[in-house]
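Asks: The file below is data_10.cif, mmCIF, C-alpha atoms:
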```cif
data_input
loop_
_atom_site.label_atom_id
_atom_site.label_comp_id
_atom_site.auth_asym_id
_atom_site.auth_seq_id
_atom_site.Cartn_x
_atom_site.Cartn_y
_atom_site.Cartn_z
CA MET V 239 0.00 0.00 0.00
CA LEU V 240 1.33 3.42 -0.93
CA PRO V 241 1.48 6.20 1.66
CA GLU V 242 -1.35 8.72 1.41
CA GLY V 243 0.19 11.83 2.91
CA ALA V 244 3.38 11.08 4.76
CA TYR V 245 6.73 12.49 3.68
CA HIS V 246 8.82 9.61 4.94
CA ILE V 247 9.11 5.88 4.45
CA LEU V 248 10.52 3.00 6.47
CA ALA V 249 12.77 0.82 4.35
CA ASP V 250 13.53 -2.81 5.16
CA ILE V 251 17.32 -3.30 5.36
CA SER V 252 17.29 -6.98 6.30
CA ALA V 253 18.71 -8.00 2.90
CA PHE V 254 21.92 -6.08 3.63
CA ASP V 255 24.57 -7.62 5.84
CA LEU V 256 25.64 -4.37 7.47
CA GLY V 257 24.40 -4.78 11.03
CA ASP V 258 21.41 -3.33 12.83
CA ASP V 259 19.55 -0.15 11.93
CA VAL V 260 21.87 2.13 13.90
CA THR V 261 24.99 0.68 12.28
CA PHE V 262 23.34 0.80 8.85
CA ALA V 263 22.31 4.45 9.28
CA HIS V 264 25.87 5.40 10.29
CA TYR V 265 27.22 3.50 7.28
CA LEU V 266 24.82 5.27 4.92
CA ALA V 267 25.83 8.69 6.21
CA SER V 268 29.59 8.12 6.33
CA GLU V 269 30.15 5.90 3.30
CA ILE V 270 27.25 6.59 0.94
CA GLY V 271 26.44 10.21 1.83
CA VAL V 272 22.73 9.68 2.45
CA ALA V 273 21.12 10.30 5.83
CA ALA V 274 18.54 7.96 7.35
CA VAL V 275 17.13 7.57 10.85
CA PRO V 276 17.33 4.17 12.55
CA GLY V 277 13.89 2.58 12.50
CA SER V 278 14.17 1.44 16.10
CA ASN V 279 13.65 5.07 17.17
CA PHE V 280 10.00 4.81 16.14
CA TYR V 281 9.00 1.75 18.15
CA LYS V 282 8.15 1.32 21.81
CA ASN V 283 10.05 -1.95 21.53
CA PRO V 284 13.17 -0.90 19.56
CA GLU V 285 13.87 -4.47 18.42
CA MET V 286 10.78 -4.25 16.20
CA GLY V 287 12.46 -1.56 14.08
CA ALA V 288 15.98 -2.94 14.08
CA SER V 289 15.70 -4.03 10.44
CA THR V 290 14.45 -0.69 9.11
CA VAL V 291 15.66 2.84 8.47
CA ARG V 292 13.53 5.88 7.78
CA PHE V 293 14.04 8.19 4.83
CA THR V 294 12.29 11.48 4.19
CA PHE V 295 11.30 12.51 0.70
CA SER V 296 10.33 16.10 1.50
CA LYS V 297 13.31 17.27 -0.52
CA SER V 298 13.79 18.81 -3.94
CA ASP V 299 13.73 16.51 -6.95
CA GLU V 300 17.42 17.26 -7.49
CA THR V 301 18.30 16.14 -3.95
CA LEU V 302 16.19 12.99 -4.24
CA LEU V 303 17.78 12.04 -7.57
CA GLU V 304 21.24 12.50 -6.08
CA ALA V 305 20.28 10.29 -3.13
CA VAL V 306 19.04 7.59 -5.52
CA SER V 307 22.30 7.79 -7.42
CA ARG V 308 24.32 7.39 -4.22
CA LEU V 309 22.15 4.56 -2.91
CA LYS V 310 22.92 2.59 -6.07
CA ASN V 311 26.42 2.21 -4.59
CA LEU V 312 25.03 -0.17 -1.96
#
```
Write out the structure in this file as structure tokens.
Replies:
Amino acid sequence: MLPEGAYHILADISAFDLGDDVTFAHYLASEIGVAAVPGSNFYKNPEMGASTVRFTFSKSDETLLEAVSRLKNL
């Protein structure tokens, strides 16, 4: 189901072998140049979000296209 008004999305990172959500978010920022928020921050039980990161898409098209280009390096 597609979001109907949010400006962010939780992405499943379980297919990547880069650690938990916090480690993955740090890796994205330092090595890929794209910021994400660890998904565990959005759960009462943080373990439920440990395989997700949150991206915002309330950015310019130019910024989003650059992020897509960088994320292809994963």
Asks: By how many Å are CA of Arg292 in chain V and CA of Leu312 in chain V apart?
Replies: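 Interatomic distance, CA of Arg292 in chain V to CA of Leu312 in chain V: 16.2 Å.
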Asks: Expanded to explicit residues, what is the PyMOL selection byres ((chain V and resi 263) around 8) for this file, as a list in words?
Replies: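 With the PyMOL selection byres ((chain V and resi 263) around 8) on this model, the match is Asp259, Val260, Thr261, Phe262, His264, Tyr265, Leu266, Ala267, Ala273, Ala274, Val275, Pro276 and Val291 of chain V.
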Asks: For the structure provided, state which residues fall under the PyMOL selection byres ((chain V and resi 288) around 12), and present them as a ChimeraX atom specification.
Replies: /V:248-252,256-263,275-287,289-292
Asks: Tell me, in Å to one decimal, how far CA of Glu242 in chain V is from CA of Ser307 in chain V.
Replies: 25.3 Å
Asks: Hey, what's within 8 Å of Thr294 in chain V if we count only C-alpha atoms and toss same-chain stuff fewer than 5 positions away? As a compact mmCIF listing (two decimals) with C-alpha atoms, in the frame of the given file, please?
Replies:
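Contents of the output file selection02.txt:
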```
# COMPACT_ATOMS: atom_id res chain seq x y z
CA TYR V 245 6.73 12.49 3.68
CA HIS V 246 8.82 9.61 4.94
CA ILE V 247 9.11 5.88 4.45
CA ALA V 274 18.54 7.96 7.35
```
Asks: Kindly give the distance, in Å, that separates CA of Lys297 in chain V and CA of Phe254 in chain V, rounded to a single decimal.
Replies: 25.2 Å
Asks: What do you get, as JSON, numbers by chain, if you spell out every residue that the PyMOL selection byres ((chain V and resi 311) around 12) selects here?
Replies: {"V": [265, 266, 269, 270, 271, 272, 304, 305, 306, 307, 308, 309, 310, 312]}
Asks: Would you mind putting N, CA and C atoms back on range 276-296 of chain V and writing the result as a PDB file, in the frame of the given file?
Replies:
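Once written, out-v3.pdb looks like this:
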```pdb
ATOM      1  N   PRO V 276      17.570   5.567  12.177  1.00  0.00           N
ATOM      2  CA  PRO V 276      17.330   4.170  12.550  1.00  0.00           C
ATOM      3  C   PRO V 276      15.851   3.936  12.871  1.00  0.00           C
ATOM      4  N   GLY V 277      15.300   2.888  12.309  1.00  0.00           N
ATOM      5  CA  GLY V 277      13.890   2.580  12.500  1.00  0.00           C
ATOM      6  C   GLY V 277      13.517   2.284  13.942  1.00  0.00           C
ATOM      7  N   SER V 278      14.463   1.780  14.712  1.00  0.00           N
ATOM      8  CA  SER V 278      14.170   1.440  16.100  1.00  0.00           C
ATOM      9  C   SER V 278      13.738   2.646  16.925  1.00  0.00           C
ATOM     10  N   ASN V 279      14.064   3.850  16.462  1.00  0.00           N
ATOM     11  CA  ASN V 279      13.650   5.070  17.170  1.00  0.00           C
ATOM     12  C   ASN V 279      12.149   5.276  17.159  1.00  0.00           C
ATOM     13  N   PHE V 280      11.426   4.580  16.309  1.00  0.00           N
ATOM     14  CA  PHE V 280      10.000   4.810  16.140  1.00  0.00           C
ATOM     15  C   PHE V 280       9.130   3.718  16.748  1.00  0.00           C
ATOM     16  N   TYR V 281       9.730   2.851  17.532  1.00  0.00           N
ATOM     17  CA  TYR V 281       9.000   1.750  18.150  1.00  0.00           C
ATOM     18  C   TYR V 281       9.145   1.784  19.660  1.00  0.00           C
ATOM     19  N   LYS V 282       8.068   1.459  20.359  1.00  0.00           N
ATOM     20  CA  LYS V 282       8.150   1.320  21.810  1.00  0.00           C
ATOM     21  C   LYS V 282       9.133   0.220  22.171  1.00  0.00           C
ATOM     22  N   ASN V 283       9.085  -0.869  21.403  1.00  0.00           N
ATOM     23  CA  ASN V 283      10.050  -1.950  21.530  1.00  0.00           C
ATOM     24  C   ASN V 283      11.041  -1.799  20.383  1.00  0.00           C
ATOM     25  N   PRO V 284      12.215  -1.208  20.621  1.00  0.00           N
ATOM     26  CA  PRO V 284      13.170  -0.900  19.560  1.00  0.00           C
ATOM     27  C   PRO V 284      13.559  -2.097  18.684  1.00  0.00           C
ATOM     28  N   GLU V 285      13.504  -3.286  19.215  1.00  0.00           N
ATOM     29  CA  GLU V 285      13.870  -4.470  18.420  1.00  0.00           C
ATOM     30  C   GLU V 285      12.950  -4.632  17.213  1.00  0.00           C
ATOM     31  N   MET V 286      11.729  -4.127  17.311  1.00  0.00           N
ATOM     32  CA  MET V 286      10.780  -4.250  16.200  1.00  0.00           C
ATOM     33  C   MET V 286      11.211  -3.435  14.986  1.00  0.00           C
ATOM     34  N   GLY V 287      12.009  -2.398  15.190  1.00  0.00           N
ATOM     35  CA  GLY V 287      12.460  -1.560  14.080  1.00  0.00           C
ATOM     36  C   GLY V 287      13.908  -1.742  13.713  1.00  0.00           C
ATOM     37  N   ALA V 288      14.545  -2.751  14.283  1.00  0.00           N
ATOM     38  CA  ALA V 288      15.980  -2.940  14.080  1.00  0.00           C
ATOM     39  C   ALA V 288      16.366  -3.325  12.664  1.00  0.00           C
ATOM     40  N   SER V 289      15.395  -3.670  11.835  1.00  0.00           N
ATOM     41  CA  SER V 289      15.700  -4.030  10.440  1.00  0.00           C
ATOM     42  C   SER V 289      15.152  -2.984   9.468  1.00  0.00           C
ATOM     43  N   THR V 290      14.949  -1.757   9.972  1.00  0.00           N
ATOM     44  CA  THR V 290      14.450  -0.690   9.110  1.00  0.00           C
ATOM     45  C   THR V 290      15.204   0.612   9.348  1.00  0.00           C
ATOM     46  N   VAL V 291      15.197   1.454   8.333  1.00  0.00           N
ATOM     47  CA  VAL V 291      15.660   2.840   8.470  1.00  0.00           C
ATOM     48  C   VAL V 291      14.591   3.727   7.843  1.00  0.00           C
ATOM     49  N   ARG V 292      14.543   4.953   8.278  1.00  0.00           N
ATOM     50  CA  ARG V 292      13.530   5.880   7.780  1.00  0.00           C
ATOM     51  C   ARG V 292      14.174   6.956   6.929  1.00  0.00           C
ATOM     52  N   PHE V 293      13.616   7.140   5.745  1.00  0.00           N
ATOM     53  CA  PHE V 293      14.040   8.190   4.830  1.00  0.00           C
ATOM     54  C   PHE V 293      12.918   9.208   4.701  1.00  0.00           C
ATOM     55  N   THR V 294      13.281  10.463   4.509  1.00  0.00           N
ATOM     56  CA  THR V 294      12.290  11.480   4.190  1.00  0.00           C
ATOM     57  C   THR V 294      12.382  11.788   2.705  1.00  0.00           C
ATOM     58  N   PHE V 295      11.268  12.100   2.101  1.00  0.00           N
ATOM     59  CA  PHE V 295      11.300  12.510   0.700  1.00  0.00           C
ATOM     60  C   PHE V 295      10.692  13.898   0.530  1.00  0.00           C
ATOM     61  N   SER V 296      10.768  14.695   1.589  1.00  0.00           N
ATOM     62  CA  SER V 296      10.330  16.100   1.500  1.00  0.00           C
ATOM     63  C   SER V 296      11.508  16.972   1.092  1.00  0.00           C
TER      64      SER V 296
END
```
